[in-house]
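Trainee: Dropping a structure here in structure tokens format, bear with me for questions.
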Amino acid sequence: VSLGTVLLPTLSERLSRGDVLGFKSEILTNLKILMLMCLPASVGLFMIAEPLVQLMFERGTFTHDQTLVVTGVVQIYSATLIGASLSRVMGQSFYAFKDTITPAVAALLGLILHVCLAPYMMARWEIYGLVGSTSIASFVNALFLFTMFYWKHGGFGLSQLLVTTLKCTMATLSIVLICWGLNQVLETSTFPLLLLYVGVAVSLSGVGYFLMCAVFKVEESQVVLAKIRRRFKKK
């Protein structure tokens, strides 16, 4: 959401100067950074969903059975993070062209799909079906926006985006292995142990992920790390 909000003025400024190539380059760069950040966030949230829910809610009348239900919901929503984020950034590209109709149509299409899918999926998978329907609608929304952009304004380097996405996906395997390994050696039976597990898992996963990005030569990871270093130096 923050990336999309910051992106709109930059895109509008590019178009005001007639710099369409720069406009498309800006979209591509931001989509690469989006995938760099969203993929590990989605995978990480999926992997630590249960201890995270335990840490936040499992006390008093909130039982472990309820934790398992909420865990499933969080794990499905972790995928929605990617679809919703892509929709947000692509929507800004249309707003920069002063096109408010296409994002509205995309949102309406996603809503109609959700309304149609939800009853059927809820009948089969209960609450998980409802959440799954939301996730599917978010990806359809994003796909519609990508398709309409290509149709109206041409391509902007989709192959480069796919390569970056593939590299980041491979890098997220480090998060899976780290979380799985910690689950084998750390207990999560008490609040302090849950807090330790979540803290260590997030920290090690972040380090492992960016190390793997360096191995796979994901250029955007260096851009993000450089911005983080500059931010800390200012403080």
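Order determines the names: the first chain of the structure tokens is A, the second B, and so forth; residues in each chain are numbered 1 upward, and ligands are numbered 1 upward as they are shown.
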Excluding Phe149 in chain A and any residue of its chain fewer than 6 positions from it, enumerate the residues within 10 Å of it, using only C-alpha atoms, and give them as a count of residues only.
Mentor: 8
Trainee: When you look at range 200-217 of chain A with a cut-off of 8 Å (counting only C-alpha atoms), what residues show up, excluding the ones that are within fewer than 2 positions of it in the same chain? I need them as a PyMOL selection string.
Mentor: chain A and resi 40+44+48+167-168+171-172+174-175+178-179+182+196-198+219+221-222
Trainee: Need the shell around Cys38 in chain A: protein/DNA/RNA residues with any atom at most 8 Å away, counting only C-alpha atoms. Skip same-chain ones fewer than 2 positions apart. Format as a ChimeraX atom specification?
Mentor: /A:34-36,40-42,81-82,85
Trainee: Include C-alpha atoms and write out the residues we just selected as an mmCIF file, in the first residue's frame.
Mentor:
data_model
loop_
_atom_site.group_PDB
_atom_site.id
_atom_site.type_symbol
_atom_site.label_atom_id
_atom_site.label_comp_id
_atom_site.auth_asym_id
_atom_site.auth_seq_id
_atom_site.Cartn_x
_atom_site.Cartn_y
_atom_site.Cartn_z
ATOM 1 C CA LEU A 34 7.182 -5.388 -4.603
ATOM 2 C CA MET A 35 7.849 -9.037 -5.415
ATOM 3 C CA LEU A 36 11.168 -8.871 -3.566
ATOM 4 C CA PRO A 40 9.205 -13.500 1.645
ATOM 5 C CA ALA A 41 6.485 -11.782 3.685
ATOM 6 C CA SER A 42 3.877 -14.173 2.298
ATOM 7 C CA LEU A 81 -0.943 -10.295 0.222
ATOM 8 C CA ILE A 82 0.705 -10.780 -3.183
ATOM 9 C CA SER A 85 -0.244 -5.640 -3.550
#
